[in-house]
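data-v6.cif (mmCIF, C-alpha atoms)
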data_input
loop_
_atom_site.label_atom_id
_atom_site.label_comp_id
_atom_site.auth_asym_id
_atom_site.auth_seq_id
_atom_site.Cartn_x
_atom_site.Cartn_y
_atom_site.Cartn_z
CA MET A 691 94.32 97.64 103.62
CA ASN A 692 93.11 97.19 100.12
CA ILE A 693 94.29 97.66 96.61
CA THR A 694 93.15 99.68 93.62
CA ILE A 695 94.35 98.81 90.15
CA ASP A 696 93.78 101.28 87.32
CA VAL A 697 94.57 100.03 83.85
CA GLN A 698 94.92 102.10 80.69
CA ASP A 699 95.17 99.71 77.81
CA THR A 700 96.02 101.48 74.57
CA GLU A 701 97.29 99.91 71.40
CA SER A 702 100.91 100.55 72.12
CA LYS A 703 101.08 100.37 75.87
CA VAL A 704 99.48 98.99 79.01
CA GLU A 705 99.81 101.54 81.79
CA VAL A 706 98.92 100.45 85.28
CA GLN A 707 98.56 102.46 88.48
CA VAL A 708 98.55 100.45 91.68
CA LYS A 709 97.42 102.00 94.95
CA GLY A 710 97.40 100.49 98.41
CA GLU A 711 99.09 97.46 99.94
CA ILE A 712 100.37 94.42 98.09
CA ASP A 713 100.41 91.37 100.34
CA ALA A 714 99.14 87.79 100.36
CA TYR A 715 95.57 89.09 100.48
CA THR A 716 95.72 91.55 97.58
CA ALA A 717 98.38 89.90 95.37
CA PRO A 718 95.92 87.43 93.77
CA LYS A 719 93.75 90.34 92.56
CA LEU A 720 96.80 92.05 91.08
CA ARG A 721 97.87 88.87 89.34
CA GLU A 722 94.39 88.13 87.97
CA THR A 723 93.95 91.67 86.65
CA LEU A 724 97.33 92.06 85.00
CA PHE A 725 98.20 88.59 83.82
CA PRO A 726 95.84 88.48 80.81
CA LEU A 727 97.22 91.86 79.69
CA SER A 728 100.78 90.57 79.85
CA GLU A 729 99.99 87.91 77.32
CA GLN A 730 99.54 90.23 74.36
CA GLU A 731 102.24 89.92 71.73
CA ASN A 732 104.87 92.73 71.85
CA VAL A 733 103.13 94.38 74.78
CA THR A 734 104.77 97.23 76.67
CA MET A 735 103.62 97.13 80.26
CA VAL A 736 104.46 99.93 82.68
CA VAL A 737 103.36 99.57 86.28
CA ASN A 738 103.44 102.66 88.49
CA LEU A 739 103.91 101.96 92.19
CA THR A 740 104.03 105.53 93.52
CA ASP A 741 100.98 104.97 95.72
CA VAL A 742 101.92 101.54 97.00
CA SER A 743 102.38 101.93 100.74
CA TYR A 744 103.38 98.35 101.49
CA MET A 745 104.72 95.40 99.55
CA ASP A 746 106.35 92.08 100.43
CA SER A 747 107.52 88.94 98.66
CA THR A 748 104.03 88.12 97.42
CA GLY A 749 104.16 91.33 95.35
CA LEU A 750 107.65 90.51 94.12
CA GLY A 751 106.34 87.12 93.03
CA VAL A 752 103.54 88.73 91.01
CA PHE A 753 105.94 91.11 89.25
CA VAL A 754 108.42 88.34 88.47
CA GLY A 755 105.55 86.36 86.95
CA LEU A 756 104.36 89.34 84.89
CA PHE A 757 107.89 90.10 83.76
CA LYS A 758 108.35 86.52 82.59
CA SER A 759 105.04 86.50 80.77
CA VAL A 760 105.68 89.83 79.02
CA ARG A 761 109.14 88.68 77.96
CA ALA A 762 107.76 85.39 76.69
CA HIS A 763 105.50 87.47 74.43
CA ASN A 764 108.40 89.62 73.20
CA GLY A 765 107.25 92.62 75.15
CA GLN A 766 108.75 95.10 77.57
CA PHE A 767 108.08 95.39 81.27
CA ARG A 768 108.92 98.28 83.56
CA LEU A 769 108.14 99.31 87.13
CA GLU A 770 108.02 103.03 87.96
CA GLY A 771 107.66 105.37 90.90
CA LEU A 772 109.26 103.11 93.48
CA SER A 773 109.72 104.60 96.93
CA GLU A 774 113.03 104.05 98.69
CA ARG A 775 111.44 101.24 100.66
CA LEU A 776 110.21 99.41 97.59
CA ARG A 777 113.48 100.04 95.82
CA ARG A 778 115.31 98.41 98.73
CA LEU A 779 113.14 95.30 98.42
CA PHE A 780 114.19 94.93 94.79
CA ASP A 781 117.82 95.62 95.68
CA ILE A 782 118.18 93.05 98.45
CA THR A 783 116.45 90.35 96.45
CA GLY A 784 118.61 90.98 93.40
CA LEU A 785 115.56 91.76 91.25
CA ALA A 786 116.77 95.31 90.58
CA ASP A 787 119.38 93.83 88.24
CA ILE A 788 116.82 91.77 86.35
CA ILE A 789 113.66 93.86 86.03
CA GLU A 790 113.75 97.43 84.73
CA ILE A 791 112.78 99.71 87.59
CA LYS A 792 112.65 103.46 88.09
CA SER A 793 112.55 105.10 91.49
CA GLY A 794 110.07 107.80 92.41
CA THR A 795 112.30 110.63 91.32
CA GLU A 796 113.36 109.12 88.03
CA GLY A 797 111.42 109.10 84.82
CA GLY A 798 108.78 111.51 86.05
CA LEU A 799 109.17 113.83 83.08
CA GLU A 800 108.70 111.59 80.15
CA MET B 18 118.27 87.19 129.96
CA ASN B 19 115.33 87.02 132.38
CA GLN B 20 114.55 90.70 132.33
CA PRO B 21 110.92 91.79 132.66
CA TYR B 22 108.97 92.36 129.50
CA ASP B 23 105.48 93.06 128.23
CA TYR B 24 103.75 90.38 126.26
CA ILE B 25 101.06 90.81 123.59
CA GLU B 26 99.41 88.00 121.72
CA LYS B 27 97.03 87.86 118.77
CA LYS B 28 95.36 85.03 116.95
CA ILE B 29 94.01 85.24 113.44
CA PRO B 30 92.26 82.68 111.25
CA ALA B 31 94.72 81.13 108.81
CA LYS B 32 93.53 83.42 106.00
CA PRO B 33 95.48 86.08 104.12
CA ASP B 34 92.67 88.56 104.85
CA PHE B 35 93.98 89.33 108.33
CA ILE B 36 97.73 89.68 107.80
CA GLY B 37 97.22 93.43 107.35
CA VAL B 38 95.61 93.58 110.78
CA ILE B 39 98.77 92.09 112.28
CA ARG B 40 100.84 94.73 110.49
CA LEU B 41 98.75 97.47 112.11
CA THR B 42 99.20 95.95 115.56
CA LEU B 43 102.91 95.54 114.97
CA SER B 44 103.28 99.14 113.78
CA GLY B 45 101.63 100.35 116.94
CA ILE B 46 103.84 98.24 119.18
CA ALA B 47 107.09 99.03 117.36
CA SER B 48 106.49 102.77 117.23
CA ARG B 49 105.60 102.78 120.93
CA MET B 50 108.95 101.07 121.58
CA GLY B 51 110.80 103.74 119.61
CA PHE B 52 111.82 101.88 116.47
CA SER B 53 112.63 104.05 113.47
CA TYR B 54 110.44 104.24 110.38
CA ASP B 55 112.74 101.95 108.40
CA GLU B 56 112.98 99.42 111.23
CA ILE B 57 109.20 99.35 111.54
CA GLU B 58 108.87 98.72 107.81
CA ASP B 59 111.43 95.89 108.08
CA LEU B 60 109.47 94.39 110.98
CA LYS B 61 106.23 94.65 109.01
CA ILE B 62 107.66 92.79 106.04
CA ALA B 63 109.35 90.06 108.12
CA THR B 64 106.25 89.46 110.24
CA SER B 65 103.95 89.44 107.21
CA GLU B 66 106.23 86.95 105.48
CA ALA B 67 106.05 84.62 108.46
CA CYS B 68 102.24 84.98 108.57
CA THR B 69 102.00 84.38 104.82
CA ASN B 70 104.02 81.18 105.16
CA ALA B 71 101.80 80.00 108.01
CA VAL B 72 98.59 80.85 106.17
CA GLN B 73 99.66 79.28 102.89
CA HIS B 74 100.85 76.18 104.69
CA ALA B 75 97.48 75.80 106.37
CA TYR B 76 95.76 76.38 103.04
CA ARG B 77 97.80 73.75 101.27
CA GLU B 78 96.79 71.19 103.83
CA GLY B 79 93.15 72.27 103.50
CA GLU B 80 92.96 72.97 107.22
CA LYS B 81 91.07 75.70 108.98
CA GLY B 82 93.77 76.61 111.41
CA GLU B 83 94.78 79.64 113.37
CA VAL B 84 97.98 81.59 113.28
CA LYS B 85 99.29 82.89 116.58
CA ILE B 86 101.45 85.98 116.66
CA SER B 87 103.17 86.86 119.93
CA PHE B 88 105.15 89.97 120.70
CA GLY B 89 107.69 90.16 123.52
CA LEU B 90 108.54 93.78 124.27
CA PHE B 91 111.92 94.02 125.97
CA ASN B 92 113.88 97.17 126.83
CA ASP B 93 116.38 96.55 124.09
CA ARG B 94 114.48 94.46 121.57
CA LEU B 95 111.22 93.21 120.13
CA GLU B 96 110.70 89.49 119.77
CA VAL B 97 108.04 88.31 117.35
CA MET B 98 106.87 84.72 117.27
CA VAL B 99 104.60 83.42 114.53
CA SER B 100 103.28 79.90 114.86
CA ASP B 101 100.78 77.86 112.93
CA SER B 102 98.92 74.93 114.37
CA GLY B 103 99.09 72.93 111.18
CA LYS B 104 100.86 69.66 110.71
CA SER B 105 104.55 70.15 110.27
CA CYS B 106 105.64 70.51 106.72
CA ASP B 107 109.02 69.65 105.38
CA PHE B 108 110.72 72.90 106.14
CA ASP B 109 114.01 71.80 104.65
CA GLN B 110 112.20 71.50 101.39
CA VAL B 111 110.74 74.98 101.80
CA ARG B 112 114.18 76.35 102.48
CA GLN B 113 115.60 74.96 99.30
CA GLY B 114 116.01 77.37 96.46
CA LEU B 115 115.91 80.38 98.73
CA GLY B 116 117.96 83.49 98.42
CA PRO B 117 118.31 86.44 96.13
CA TYR B 118 118.13 86.32 92.39
CA GLU B 119 121.34 86.34 90.44
CA ASN B 120 121.97 88.62 87.54
CA GLY B 121 122.13 86.75 84.28
CA GLN B 122 119.66 84.08 85.28
CA ASN B 123 117.57 82.92 82.38
CA VAL B 124 114.27 84.85 82.52
CA GLU B 125 112.30 81.73 81.74
CA PHE B 126 113.53 80.03 84.89
CA LEU B 127 113.10 82.89 87.38
CA ARG B 128 111.13 81.50 90.29
CA GLU B 129 108.07 83.33 91.52
CA GLY B 130 108.21 82.47 95.19
CA GLY B 131 110.55 81.40 97.95
CA LEU B 132 111.72 84.87 98.87
CA GLY B 133 109.78 85.07 102.11
CA LEU B 134 112.27 83.33 104.37
CA TYR B 135 115.17 85.07 102.71
CA LEU B 136 113.58 88.44 103.50
CA ILE B 137 112.90 87.43 107.11
CA GLU B 138 116.53 86.46 107.56
CA THR B 139 117.75 89.63 105.87
CA LEU B 140 115.50 92.10 107.68
CA MET B 141 115.64 90.75 111.23
CA ASP B 142 118.62 90.56 113.57
CA GLU B 143 118.03 87.01 114.79
CA VAL B 144 115.81 84.30 113.35
CA LYS B 145 115.08 80.83 114.68
CA ILE B 146 112.70 78.32 113.20
CA HIS B 147 111.21 75.50 115.23
CA GLN B 148 109.32 72.66 113.74
CA HIS B 149 107.13 70.70 116.08
CA GLU B 150 103.44 70.13 115.37
CA GLY B 151 103.48 73.12 113.08
CA VAL B 152 106.10 75.67 112.33
CA THR B 153 107.18 78.49 114.62
CA VAL B 154 109.23 81.39 113.36
CA PHE B 155 110.97 83.24 116.14
CA MET B 156 112.59 86.54 115.25
CA THR B 157 114.22 89.42 117.05
CA LYS B 158 114.93 93.01 116.19
CA PHE B 159 117.08 95.12 118.48
CA LEU B 160 116.49 98.77 119.16
CA GLU B 161 119.45 100.45 117.57
CA GLY B 162 119.95 103.06 120.28
CA GLU B 163 120.05 100.35 122.93
CA GLN B 164 122.70 98.42 121.08
CA VAL B 165 124.86 101.51 120.80
CA GLU B 166 124.42 102.17 124.51
CA MET B 167 125.41 98.63 125.31
CA ASP B 168 128.51 98.99 123.17
CA ALA B 169 129.35 102.24 124.91
CA LYS B 170 129.08 100.56 128.30
CA THR B 171 131.33 97.76 127.20
CA LEU B 172 133.87 100.25 125.95
CA SER B 173 133.91 102.32 129.15
CA THR B 174 134.55 99.36 131.45
#

Hey, can you dump this file as structure tokens for me?
Amino acid sequence: MNITIDVQDTESKVEVQVKGEIDAYTAPKLRETLFPLSEQENVTMVVNLTDVSYMDSTGLGVFVGLFKSVRAHNGQFRLEGLSERLRRLFDITGLADIIEIKSGTEGGLE
Amino acid sequence: MNQPYDYIEKKIPAKPDFIGVIRLTLSGIASRMGFSYDEIEDLKIATSEACTNAVQHAYREGEKGEVKISFGLFNDRLEVMVSDSGKSCDFDQVRQGLGPYENGQNVEFLREGGLGLYLIETLMDEVKIHQHEGVTVFMTKFLEGEQVEMDAKTLST
């Protein structure tokens, strides 16, 4: 019931691996860790959610916030490795049409 | 309506720390009842959303309350009730601005909350909200097999 956030911050790209559960308890840590990184000009932020076993609206709220911040700084934001469950959450909330997302099977061979 | 059922109740401090504990309890109950993987995941999200609302409400008011989660295990359904002991908030206000995002919305104005109740209503079969000295969210999920059986009975008579 916890969360691990691994960040690889290179010049061109911020790559993030999230592991664990994203809920009201862990979402603040996710927001605090990633928000400063989203405020770099022209940043490309890719968040991999392959190992996220649970997520609810608190997680969606964090990603909407990050997406807005990245866009406000002329950057690009993408979520990758979504399980069918996570994908469904983005589908039913309409976020799949707004934020760039890739399911678990897509984009694995970049 | 008055069929026998098992009843399980838990109380947690109104802190986000313990919502995961409720999810574990719920998983155990729902899998024992025979819900499918997807249904259990739906139940977990809906119940967590209700707990999150209760916890955040208590936090906003600066209270040290408790959140009570009750499970009614019926043959054909699971009823989950989440109630906070806080002062009642203006739920109509909370409900405003709910619902899915719409494509083409200006990125700048995308809201970062308010999806909780929408998810509860989408993922559960029945949802009722009572507001009386705190807020109680009352939600039901039917066992799919049972519903099919009931339909079959109706058809055969």

Any idea which chain B residues end up within 9 Å of chain A if we count all atoms listed in the file, as an mmCIF file with C-alpha atoms, in the coordinates of the input please?
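Printed below is out_29.cif as written:
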data_model
loop_
_atom_site.group_PDB
_atom_site.id
_atom_site.type_symbol
_atom_site.label_atom_id
_atom_site.label_comp_id
_atom_site.auth_asym_id
_atom_site.auth_seq_id
_atom_site.Cartn_x
_atom_site.Cartn_y
_atom_site.Cartn_z
ATOM 1 C CA LYS B 32 93.530 83.420 106.000
ATOM 2 C CA PRO B 33 95.480 86.080 104.120
ATOM 3 C CA ASP B 34 92.670 88.560 104.850
ATOM 4 C CA PHE B 35 93.980 89.330 108.330
ATOM 5 C CA ILE B 36 97.730 89.680 107.800
ATOM 6 C CA GLY B 37 97.220 93.430 107.350
ATOM 7 C CA VAL B 38 95.610 93.580 110.780
ATOM 8 C CA ASP B 55 112.740 101.950 108.400
ATOM 9 C CA GLU B 58 108.870 98.720 107.810
ATOM 10 C CA LYS B 61 106.230 94.650 109.010
ATOM 11 C CA ILE B 62 107.660 92.790 106.040
ATOM 12 C CA ALA B 63 109.350 90.060 108.120
ATOM 13 C CA SER B 65 103.950 89.440 107.210
ATOM 14 C CA GLU B 66 106.230 86.950 105.480
ATOM 15 C CA THR B 69 102.000 84.380 104.820
ATOM 16 C CA GLN B 73 99.660 79.280 102.890
ATOM 17 C CA GLY B 116 117.960 83.490 98.420
ATOM 18 C CA PRO B 117 118.310 86.440 96.130
ATOM 19 C CA TYR B 118 118.130 86.320 92.390
ATOM 20 C CA GLU B 119 121.340 86.340 90.440
ATOM 21 C CA ASN B 120 121.970 88.620 87.540
ATOM 22 C CA GLY B 121 122.130 86.750 84.280
ATOM 23 C CA GLN B 122 119.660 84.080 85.280
ATOM 24 C CA VAL B 124 114.270 84.850 82.520
ATOM 25 C CA GLU B 125 112.300 81.730 81.740
ATOM 26 C CA PHE B 126 113.530 80.030 84.890
ATOM 27 C CA LEU B 127 113.100 82.890 87.380
ATOM 28 C CA ARG B 128 111.130 81.500 90.290
ATOM 29 C CA GLU B 129 108.070 83.330 91.520
ATOM 30 C CA GLY B 130 108.210 82.470 95.190
ATOM 31 C CA GLY B 131 110.550 81.400 97.950
ATOM 32 C CA LEU B 132 111.720 84.870 98.870
ATOM 33 C CA GLY B 133 109.780 85.070 102.110
ATOM 34 C CA TYR B 135 115.170 85.070 102.710
ATOM 35 C CA LEU B 136 113.580 88.440 103.500
ATOM 36 C CA THR B 139 117.750 89.630 105.870
#

Report the residues retrieved by the PyMOL selection byres ((chain A and resi 741) around 12) from the displayed file, expressed as a list of chain:residue names.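 Applying the PyMOL selection byres ((chain A and resi 741) around 12) to the structure shown produces A:Asn692, A:Ile693, A:Thr694, A:Ile695, A:Asp696, A:Val706, A:Gln707, A:Val708, A:Lys709, A:Gly710, A:Glu711, A:Ile712, A:Val737, A:Asn738, A:Leu739, A:Thr740, A:Val742, A:Ser743, A:Tyr744, A:Met745, A:Glu770, A:Gly771, A:Leu772, A:Ser773, A:Leu776, A:Gly794.
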
For CA of Asn92 in chain B and CA of Ser44 in chain B, quote the distance in Å rounded to one decimal. 16.9 Å

Using all atoms listed in the file, which residues sit within 9 Å of Glu56 in chain B once same-chain residues fewer than 2 positions away are excluded, as JSON, numbers by chain? {"B": [47, 52, 53, 54, 58, 59, 60, 61, 140, 158, 160]}

Picked residues, the PyMOL selection byres ((chain B and resi 157) around 9), expected as a CSV table (one decimal) with C-alpha atoms, in the frame of the given file:
chain,number,residue,atom,x,y,z
B,94,ARG,CA,114.5,94.5,121.6
B,95,LEU,CA,111.2,93.2,120.1
B,96,GLU,CA,110.7,89.5,119.8
B,97,VAL,CA,108.0,88.3,117.4
B,98,MET,CA,106.9,84.7,117.3
B,141,MET,CA,115.6,90.8,111.2
B,142,ASP,CA,118.6,90.6,113.6
B,143,GLU,CA,118.0,87.0,114.8
B,144,VAL,CA,115.8,84.3,113.4
B,145,LYS,CA,115.1,80.8,114.7
B,155,PHE,CA,111.0,83.2,116.1
B,156,MET,CA,112.6,86.5,115.2
B,158,LYS,CA,114.9,93.0,116.2
B,159,PHE,CA,117.1,95.1,118.5

Just to confirm, what's the straight-line distance from CA of Lys85 in chain B to CA of Arg721 in chain A in Å (one decimal)? 27.9 Å
